[in-house]
Every structure is written in C-alpha cells, then in structure tokens.
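*Asks:* Below you will find the structure I want to go over with you.
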Amino acid sequence: AILSLQSFQDVQPAELPAMLRSTAHEEIQTTLGPLMNQFIDRFGFSQLYLINLHGVIVHAVPYLDPAHRDLTRAPDDNTELARVYERTLSLMTNQASDYRIFPPLNQPALFLSTPVMHNGILLGCLVLAIDNQHLNRKLTDVSALGESAEIVFVSQNEDHILVLNDLRDGSHTAFSKYLPFEPAPGKDLSPSQRAVRGQSGSGVVRDFRGIEVLALWDYLPNLRLGLVLKVDRAEVFAPVHHLLRLNLMVALITTLIVALVALFLSRSITRPIND
C-alpha cells in the first residue's frame, strides 16, 4: 500500500489516464496485484482500493473502470466510497461506510477504511469492502434460535427505512424492500422504526407479515444501521404450551388415580360394616 501510494501520491485527476498507461503503474500492478488478491481472499474481503490525497484511486481490486477512479467528480463523489474516504482523511481515524449499493459494480458494499501513513506523513487511504456472502453468513445465521428466527438490518433512507438483507421467507431480496419511517396514525413505532431512531428494546409485536413475533431491536452507531432480531411468537411459546398441556394431562391422570384409590379405600372400609 505504501509503495503504491508513494509512487502515485502526486497524481491529479487529470493525470489519471496517463498514470494507468504508465510503465510504473504496470510494474506495481504486476508486483502488488497477486498479493492484494491473496489478502482480500484470505481475510474475507471482496474489494480493495488505494486512494491518494487527490481522490484518485491508484490501485483497485477488482479492476475498476478509469471513469470511476476520480472521487472528486460526479457521480462518483456521491458514493459511499467517496464519503468514507473523505471522513477518513478529515478525522484521521478508521471509518465504516453505510451499507449501500456501490454503483460502479452494481452491488452492495460495506466499506472499511484507514489512513495510510509513512514516517509520519499521510499518503492516502486504504479502503476494503467486506465480502457480501461472508457478511450475510456471519450476521444472518440464527438457525440455532429457531426455524422462524431472523435478523433484519435496516437503515434510514430519506423518509423511508431500507431493508439491507435478504428476507428469510424469500419475499424480498436485499435493498428491494422499503418500510415507512413514520408509524401509521394511532400506531406505535415498529421495531424497525425504533432501531433506526437509535432505540433498543424488546417486545411482542406484529411484523410486516402481520404475524406476532418476539422482537429485539438495537442501533449500531458505528455502522449507522438498526438491527431487529425476531422469532415467531408461536414458536417461542410452543414449549410453554407443550409443558402446560403435559402438566394438565399429569394433573388429570393424578386426579383420576386419586379418585380410583379413594373409591377403592371407601369400599374397603365400608364393606366390613355392611357385612
């Protein structure tokens, strides 16, 4: 990262085409390319970008069209990649982007960034995108909690709430379902509406399917998104109902046995008297 940024730290956006055609860039691509690919594969990332102080992407994995390598020019200055890059250089700290569609690749991306320093001098920014399949497997595998258990990630998108992951019932894919930001008149806030407002809590509510669920909700400030974990109420309380039925059955059997014993004893006591 340092070698690549040092070599092209002075490249301006207007010089981008010449840089990409240069022998120096080709040599660095040949040297660093395999190493960068191994790195992202090993640690669960899908994208890697090295960006200099002028907003020029000097190295990209996978290959990124030169038309999208200038983060100072529209429309690429309005992407989550550009925003996380700007925050990293402004605050000089690691940053995380909102989880949104990255238009140049037409796929969702959660970017993690860090400033690149050498001998106390800021060279630029390293940005990585977490592999979406890896992310979904890690964050949405709640099968141990029950057949109907589901985690839903939500984020405010203007006056709506955007669902960021595939729904378990298959009704909607990631980034295709919107929920209202405001509750219906006379209704309480839903778990999703509470989560994106920074609230945390739990309760029995009806989800967007109209089914009663036991829900827990929270807000993840570093990622600026809400999380809702829900399980169908019928499944949660099924063991309780089973236990109640079992206890009732035991009580009925016990009552029957006691009644039969009492009847036997009463007959045993009264028979000698009658005799």
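Residue numbering restarts at 1 in every chain; chains get A, B, ... in the order shown in the structure tokens, and ligands count up from 1 in that same order.
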According to DSSP computed on the backbone, where in range 33-266 of chain A is there alpha helix (DSSP H)? Give the residues as a PyMOL selection string.

*Replies:* chain A and resi 33-42+80-91+132-140+191-196+233-236+238-266

*Asks:* Name the residues in contact with range 167-180 of chain A at a cut-off of 8 Å, using only C-alpha atoms, excluding same-chain residues fewer than 5 positions from it; report them as a list in words.

*Replies:*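 In the requested form, the answer reads Glu150, Val152, Asp159, His160, Ile161, Leu162 and Gln193 of chain A.
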
*Asks:* Keeping N, CA and C atoms, export the residues of the selection given above as a tab-separated table (two decimals), in the first residue's frame.

*Replies:*
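Final output, saved to out.tsv:
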```tsv
chain	number	residue	atom	x	y	z
A	150	GLU	N	-34.98	-14.70	12.61
A	150	GLU	CA	-34.47	-13.90	11.50
A	150	GLU	C	-33.86	-12.62	12.04
A	152	VAL	N	-32.89	-8.83	10.76
A	152	VAL	CA	-33.14	-7.86	9.71
A	152	VAL	C	-32.31	-6.62	10.00
A	159	ASP	N	-36.99	9.49	3.71
A	159	ASP	CA	-38.20	9.36	4.53
A	159	ASP	C	-38.70	7.92	4.58
A	160	HIS	N	-37.82	6.97	4.29
A	160	HIS	CA	-38.18	5.55	4.37
A	160	HIS	C	-37.11	4.79	5.14
A	161	ILE	N	-37.42	3.53	5.41
A	161	ILE	CA	-36.46	2.61	6.02
A	161	ILE	C	-36.15	1.54	5.00
A	162	LEU	N	-34.88	1.33	4.73
A	162	LEU	CA	-34.44	0.37	3.73
A	162	LEU	C	-33.99	-0.91	4.41
A	193	GLN	N	-38.61	0.87	13.08
A	193	GLN	CA	-38.66	2.32	13.27
A	193	GLN	C	-37.95	2.75	14.55
```

*Asks:* Between CA of Gly226 in chain A and CA of Phe153 in chain A, measure the distance and give it in Å to one decimal.

*Replies:* 5.7 Å

*Asks:* Select, from A:Met19, A:Val84, A:Val61, A:Ile2, the residue with the minimum atom-to-atom distance to His118 in chain A, counting only C-alpha atoms.

*Replies:*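 For His118 in chain A, the nearest of the given residues is A:Ile2.
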
*Asks:* Please provide as a PyMOL selection string all residues within 12 Å of Glu86 in chain A, with the sequence filter that same-chain residues fewer than 5 positions apart are discarded (counting only C-alpha atoms).

*Replies:* chain A and resi 51-55+71-72+77-81+91-97+113-115+124-127

*Asks:* If you measure from CA of Pro66 in chain A to CA of Asn157 in chain A, what distance in Å do you get, rounded to one decimal?

*Replies:*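 So the two atoms, CA of Pro66 in chain A and CA of Asn157 in chain A, lie 29.0 Å apart.
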
*Asks:* With only C-alpha atoms as the counted atoms, please give the residues lying no more than 12 Å from Ala195 in chain A, apart from itself and same-chain residues fewer than 3 positions off, as a list in words.

*Replies:*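 The contact residues come out as Val152, Phe153, Val154, Ser155, Gln156, Ile161, Phe181, Leu189, Ser190, Pro191, Ser192, Gly198, Gln199, Ser200, Gly201, Ser202, Ala215, Leu216, Trp217, Asp218, Tyr219, Leu220, Pro221, Arg224, Leu225, Gly226, Leu227, Val228 and Leu229 of chain A.
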
*Asks:* Rounded to one decimal in Å, what is the spacing between CA of Asn132 in chain A and CA of Ala109 in chain A?

*Replies:* 7.2 Å

*Asks:* Of the residues A:Gly203, A:Tyr63, A:Ile101, A:Arg69, which is the one nearest to Gln12 in chain A, using only C-alpha atoms?

*Replies:*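 Distance minimum relative to Gln12 in chain A lands on A:Arg69.
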
*Asks:* Excluding Glu235 in chain A and residues on its chain fewer than 2 positions from it, collect all residues at most 9 Å away from it, counting only C-alpha atoms, and give them as a list in words.

*Replies:*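 So, after excluding close chain neighbours, the residues are Gly146, Glu147, Ser148, Val213, Val231, Asp232, Arg233, Phe237, Ala238 and Pro239 of chain A.
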
*Asks:* Give me the residues near Asn119 in chain A as a list of chain:residue names, where near means some atom within 12 Å (using only C-alpha atoms) and where sequence neighbours in that chain fewer than 3 positions away do not count.

*Replies:*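 What passes the distance filter is A:Ile2, A:Gln6, A:Val116, A:Leu122, A:Leu123.
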
*Asks:* Store the residues picked out above in a file with N, CA, C and O atoms, as a compact mmCIF listing (two decimals), in the first residue's frame.

*Replies:*
```txt
# COMPACT_ATOMS: atom_id res chain seq x y z
N ILE A 2 1.88 1.26 0.85
CA ILE A 2 2.76 2.43 0.94
C ILE A 2 3.51 2.64 -0.37
O ILE A 2 3.60 3.76 -0.88
N GLN A 6 3.07 5.93 -2.50
CA GLN A 6 4.25 6.78 -2.65
C GLN A 6 4.54 7.05 -4.13
O GLN A 6 4.92 8.17 -4.50
N VAL A 116 -3.36 5.82 5.50
CA VAL A 116 -2.05 5.20 5.26
C VAL A 116 -0.98 6.24 5.56
O VAL A 116 -0.94 7.30 4.93
N LEU A 122 1.05 11.57 5.85
CA LEU A 122 -0.17 10.97 5.31
C LEU A 122 -0.04 10.82 3.80
O LEU A 122 0.21 11.79 3.09
N LEU A 123 -0.20 9.58 3.32
CA LEU A 123 -0.07 9.30 1.89
C LEU A 123 -1.43 9.16 1.20
O LEU A 123 -1.54 9.42 0.00
```

*Asks:* Would you list the contacts of range 41-48 of chain A as a list in words, taking every protein, DNA or RNA residue within 6 Å and counting only C-alpha atoms, but skipping same-chain residues closer than 3 positions in sequence?

*Replies:* Gln38, Ala60, Val61, Val127, Leu128, Ala129, Ile130 and Asp131 of chain A
